[in-house]
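K.L.:
Structure file query_36.pdb, PDB, C-alpha atoms, is pasted below:
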ATOM      1  CA  MET A   1       9.062  12.307   0.907  1.00  0.00           C
ATOM      2  CA  ASP A   2       5.421  13.144   1.430  1.00  0.00           C
ATOM      3  CA  GLU A   3       4.715  12.321   5.058  1.00  0.00           C
ATOM      4  CA  VAL A   4       0.965  12.921   4.810  1.00  0.00           C
ATOM      5  CA  ARG A   5       0.464  10.622   1.836  1.00  0.00           C
ATOM      6  CA  SER A   6       2.740   8.001   3.368  1.00  0.00           C
ATOM      7  CA  ARG A   7       0.836   8.079   6.648  1.00  0.00           C
ATOM      8  CA  ALA A   8      -2.455   7.870   4.735  1.00  0.00           C
ATOM      9  CA  VAL A   9      -1.349   4.609   3.093  1.00  0.00           C
ATOM     10  CA  ILE A  10      -0.387   3.146   6.459  1.00  0.00           C
ATOM     11  CA  VAL A  11      -3.649   4.214   8.102  1.00  0.00           C
ATOM     12  CA  TYR A  12      -5.804   3.089   5.176  1.00  0.00           C
ATOM     13  CA  LEU A  13      -4.256  -0.396   5.118  1.00  0.00           C
ATOM     14  CA  SER A  14      -4.684  -0.795   8.898  1.00  0.00           C
ATOM     15  CA  VAL A  15      -1.001  -1.262   9.726  1.00  0.00           C
ATOM     16  CA  GLY A  16      -0.644  -1.772  13.467  1.00  0.00           C
ATOM     17  CA  ARG A  17      -4.399  -2.058  13.932  1.00  0.00           C
ATOM     18  CA  SER A  18      -5.131  -5.388  12.312  1.00  0.00           C
ATOM     19  CA  PRO A  19      -3.336  -8.737  11.980  1.00  0.00           C
ATOM     20  CA  PHE A  20      -4.012  -8.575   8.242  1.00  0.00           C
ATOM     21  CA  PRO A  21      -4.218  -5.692   5.766  1.00  0.00           C
ATOM     22  CA  HIS A  22      -7.613  -4.299   4.942  1.00  0.00           C
ATOM     23  CA  ALA A  23      -8.872  -1.058   3.512  1.00  0.00           C
ATOM     24  CA  ASP A  24     -10.341   1.193   6.177  1.00  0.00           C
ATOM     25  CA  PRO A  25     -11.635   4.464   4.694  1.00  0.00           C
ATOM     26  CA  GLU A  26     -13.507   5.217   7.926  1.00  0.00           C
ATOM     27  CA  HIS A  27     -10.296   5.227   9.943  1.00  0.00           C
ATOM     28  CA  LEU A  28      -8.634   7.368   7.279  1.00  0.00           C
ATOM     29  CA  ALA A  29     -11.464   9.912   7.714  1.00  0.00           C
ATOM     30  CA  GLU A  30     -11.118   9.679  11.493  1.00  0.00           C
ATOM     31  CA  ILE A  31      -7.408  10.476  11.359  1.00  0.00           C
ATOM     32  CA  PHE A  32      -7.328  12.990   8.496  1.00  0.00           C
ATOM     33  CA  GLY A  33     -10.744  14.649   8.749  1.00  0.00           C
ATOM     34  CA  ASP A  34     -11.688  16.673   5.687  1.00  0.00           C
ATOM     35  CA  GLU A  35      -8.327  15.951   4.065  1.00  0.00           C
ATOM     36  CA  ALA A  36      -9.338  12.281   3.775  1.00  0.00           C
ATOM     37  CA  GLU A  37     -11.531  13.143   0.775  1.00  0.00           C
ATOM     38  CA  ARG A  38      -8.418  14.147  -1.141  1.00  0.00           C
ATOM     39  CA  LEU A  39      -6.311  11.252   0.160  1.00  0.00           C
ATOM     40  CA  LEU A  40      -8.778   8.410  -0.324  1.00  0.00           C
ATOM     41  CA  PRO A  41      -8.583   8.266  -4.151  1.00  0.00           C
ATOM     42  CA  TYR A  42      -4.783   8.397  -3.932  1.00  0.00           C
ATOM     43  CA  VAL A  43      -4.452   5.485  -1.513  1.00  0.00           C
ATOM     44  CA  LYS A  44      -7.060   3.443  -3.369  1.00  0.00           C
ATOM     45  CA  GLU A  45      -5.158   3.961  -6.602  1.00  0.00           C
ATOM     46  CA  LEU A  46      -1.886   2.843  -4.985  1.00  0.00           C
ATOM     47  CA  SER A  47      -3.560  -0.259  -3.586  1.00  0.00           C
ATOM     48  CA  SER A  48      -4.871  -1.098  -7.043  1.00  0.00           C
ATOM     49  CA  GLU A  49      -1.648  -0.188  -8.819  1.00  0.00           C
ATOM     50  CA  ILE A  50       0.547  -2.616  -6.902  1.00  0.00           C
ATOM     51  CA  MET A  51      -1.813  -5.433  -7.861  1.00  0.00           C
ATOM     52  CA  THR A  52      -1.286  -4.684 -11.574  1.00  0.00           C
ATOM     53  CA  ILE A  53       2.435  -5.414 -11.435  1.00  0.00           C
ATOM     54  CA  GLU A  54       3.045  -8.461 -13.590  1.00  0.00           C
ATOM     55  CA  ILE A  55       4.618 -11.383 -11.794  1.00  0.00           C
ATOM     56  CA  ASP A  56       6.125 -14.419 -13.473  1.00  0.00           C
ATOM     57  CA  TRP A  57       5.031 -16.971 -10.915  1.00  0.00           C
ATOM     58  CA  SER A  58       7.176 -19.632 -12.573  1.00  0.00           C
ATOM     59  CA  THR A  59      10.278 -17.792 -11.347  1.00  0.00           C
ATOM     60  CA  HIS A  60       9.051 -16.046  -8.186  1.00  0.00           C
ATOM     61  CA  THR A  61       8.041 -17.132  -4.738  1.00  0.00           C
ATOM     62  CA  LEU A  62       5.546 -15.066  -2.782  1.00  0.00           C
ATOM     63  CA  ASP A  63       8.424 -13.383  -0.945  1.00  0.00           C
ATOM     64  CA  SER A  64      10.409 -12.538  -4.070  1.00  0.00           C
ATOM     65  CA  ALA A  65       7.287 -11.352  -5.895  1.00  0.00           C
ATOM     66  CA  THR A  66       6.401  -9.088  -2.976  1.00  0.00           C
ATOM     67  CA  GLU A  67       9.932  -7.657  -2.944  1.00  0.00           C
ATOM     68  CA  MET A  68       9.757  -7.070  -6.679  1.00  0.00           C
ATOM     69  CA  ALA A  69       6.386  -5.332  -6.393  1.00  0.00           C
ATOM     70  CA  MET A  70       7.706  -3.130  -3.593  1.00  0.00           C
ATOM     71  CA  THR A  71      10.779  -2.249  -5.662  1.00  0.00           C
ATOM     72  CA  GLN A  72       8.556  -1.239  -8.564  1.00  0.00           C
ATOM     73  CA  MET A  73       6.379   0.905  -6.297  1.00  0.00           C
ATOM     74  CA  ARG A  74       9.463   2.602  -4.818  1.00  0.00           C
ATOM     75  CA  LYS A  75      10.550   3.554  -8.341  1.00  0.00           C
ATOM     76  CA  ARG A  76       7.088   4.727  -9.336  1.00  0.00           C
ATOM     77  CA  HIS A  77       6.360   6.605  -6.095  1.00  0.00           C
ATOM     78  CA  PRO A  78       9.514   8.088  -4.596  1.00  0.00           C
ATOM     79  CA  GLU A  79       7.281  10.361  -2.532  1.00  0.00           C
ATOM     80  CA  LEU A  80       6.361   7.425  -0.279  1.00  0.00           C
ATOM     81  CA  SER A  81       8.232   6.419   2.852  1.00  0.00           C
ATOM     82  CA  ASP A  82       9.686   2.943   3.295  1.00  0.00           C
ATOM     83  CA  GLU A  83       6.906   2.241   5.807  1.00  0.00           C
ATOM     84  CA  ALA A  84       4.226   3.094   3.226  1.00  0.00           C
ATOM     85  CA  ILE A  85       5.908   0.881   0.627  1.00  0.00           C
ATOM     86  CA  GLU A  86       6.103  -1.918   3.183  1.00  0.00           C
ATOM     87  CA  ALA A  87       2.380  -1.472   3.921  1.00  0.00           C
ATOM     88  CA  LEU A  88       1.615  -1.834   0.220  1.00  0.00           C
ATOM     89  CA  GLY A  89       3.867  -4.894   0.071  1.00  0.00           C
ATOM     90  CA  TRP A  90       2.095  -6.379   3.100  1.00  0.00           C
ATOM     91  CA  SER A  91      -1.222  -5.946   1.324  1.00  0.00           C
ATOM     92  CA  PHE A  92       0.160  -7.349  -1.946  1.00  0.00           C
ATOM     93  CA  GLY A  93       1.634 -10.432  -0.260  1.00  0.00           C
ATOM     94  CA  TYR A  94      -1.490 -11.078   1.756  1.00  0.00           C
ATOM     95  CA  SER A  95      -3.617 -10.918  -1.384  1.00  0.00           C
ATOM     96  CA  TYR A  96      -1.616 -13.747  -2.940  1.00  0.00           C
ATOM     97  CA  PHE A  97      -1.197 -15.805   0.234  1.00  0.00           C
TER      98      PHE A  97
END
Once more with this new file: its structure as structure tokens, please.
P.N.:
Amino acid sequence: MDEVRSRAVIVYLSVGRSPFPHADPEHLAEIFGDEAERLLPYVKELSSEIMTIEIDWSTHTLDSATEMAMTQMRKRHPELSDEAIEALGWSFGYSYF
């Protein structure tokens, strides 16, 4: 597991700092300093990637679709912690809410 990348996802999506997910590159820079330049494209790509997962809305609820998207991201990105995957799922679910 990559703790730095996982933490970057959590920070970028404002987990624990906002009642709803939102991208916060300024806070990422605050927390990671110069390393944020390298991390920002990575976390942006993950945030975009989860939204490209195809969902058959005729068979899924928001909850089941979010779980499915998180499962796909776990398979695609084993380097991420459960907390980072949950942050991505939170963002995914909120986007469709």
K.L.:
Using all atoms listed in the file, which protein or nucleic acid residues come within 12 Å of Asp2 (chain A)? Drop anything in the same chain fewer than 3 positions from it, and give the result as a ChimeraX atom specification.
P.N.:
/A:5-9,39,77-84
K.L.:
Could you check how far CA of Glu49 (chain A) sits from CA of Glu26 (chain A), in Å to one decimal?
P.N.:
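Rounded to one decimal, the two atoms are 21.2 Å apart.
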K.L.:
Using only C-alpha atoms, what residues lie at most 7 Å away from (1.8, -15.2, -3.7) (file coordinates), given as a PyMOL selection string?
P.N.:
chain A and resi 61-62+93+96-97
K.L.:
Compute the distance from (3.9, -2.5, 3.4) to each atom, counting all atoms listed in the file, keep the residues with any atom at most 12 Å away, and return them as a ChimeraX atom specification; use the coordinates of the file.
P.N.:
/A:6-7,9-16,20-22,46-47,50,66-67,69-71,73-74,80-94
K.L.:
Can you measure CA of Pro19 (chain A) to CA of Ala65 (chain A) for me? One decimal in Å is fine.
P.N.:
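Straight-line distance from CA of Pro19 (chain A) to CA of Ala65 (chain A) works out to 21.0 Å.
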K.L.:
So how far away is CA of Met68 (chain A) from CA of Ile53 (chain A), in Å?
P.N.:
8.9 Å
K.L.:
Given all atoms listed in the file as the basis, pick out the residue of A:Pro25, A:Gln72, A:Thr52, A:Ser18 nearest to Arg38 (chain A).
P.N.:
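Using all atoms listed in the file, the shortest distance to Arg38 (chain A) belongs to A:Pro25.
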K.L.:
Let me have the centre and edge lengths in Å, one decimal, of the box along x, y and z around every listed atom of region 9-19 of chain A with 4 Å of margin on each side, as AutoDock Vina command-line options.
P.N.:
--center_x -3.1 --center_y -2.1 --center_z 8.5 --size_x 13.4 --size_y 21.3 --size_z 18.8
K.L.:
Hey, which of A:Ser64, A:Arg76, A:Ile55, A:Leu28 ends up closest to Pro41 (chain A)? Count only C-alpha atoms.
P.N.:
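Counting only C-alpha atoms, the residue closest to Pro41 (chain A) is A:Leu28.
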K.L.:
Kindly indicate which residue among A:Met1, A:Val43, A:Ala36, A:Met51 lies nearest to Ala23 (chain A), using only C-alpha atoms for the distances.
P.N.:
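The closest residue to Ala23 (chain A) is A:Val43.
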K.L.:
Between A:Asp63, A:Asp56, A:Glu3, A:Asp24, which residue has the minimum interatomic distance to Leu40 (chain A), considering all atoms listed in the file?
P.N.:
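Checking each of A:Asp63, A:Asp56, A:Glu3, A:Asp24 against Leu40 (chain A), counting all atoms listed in the file, the winner is A:Asp24.
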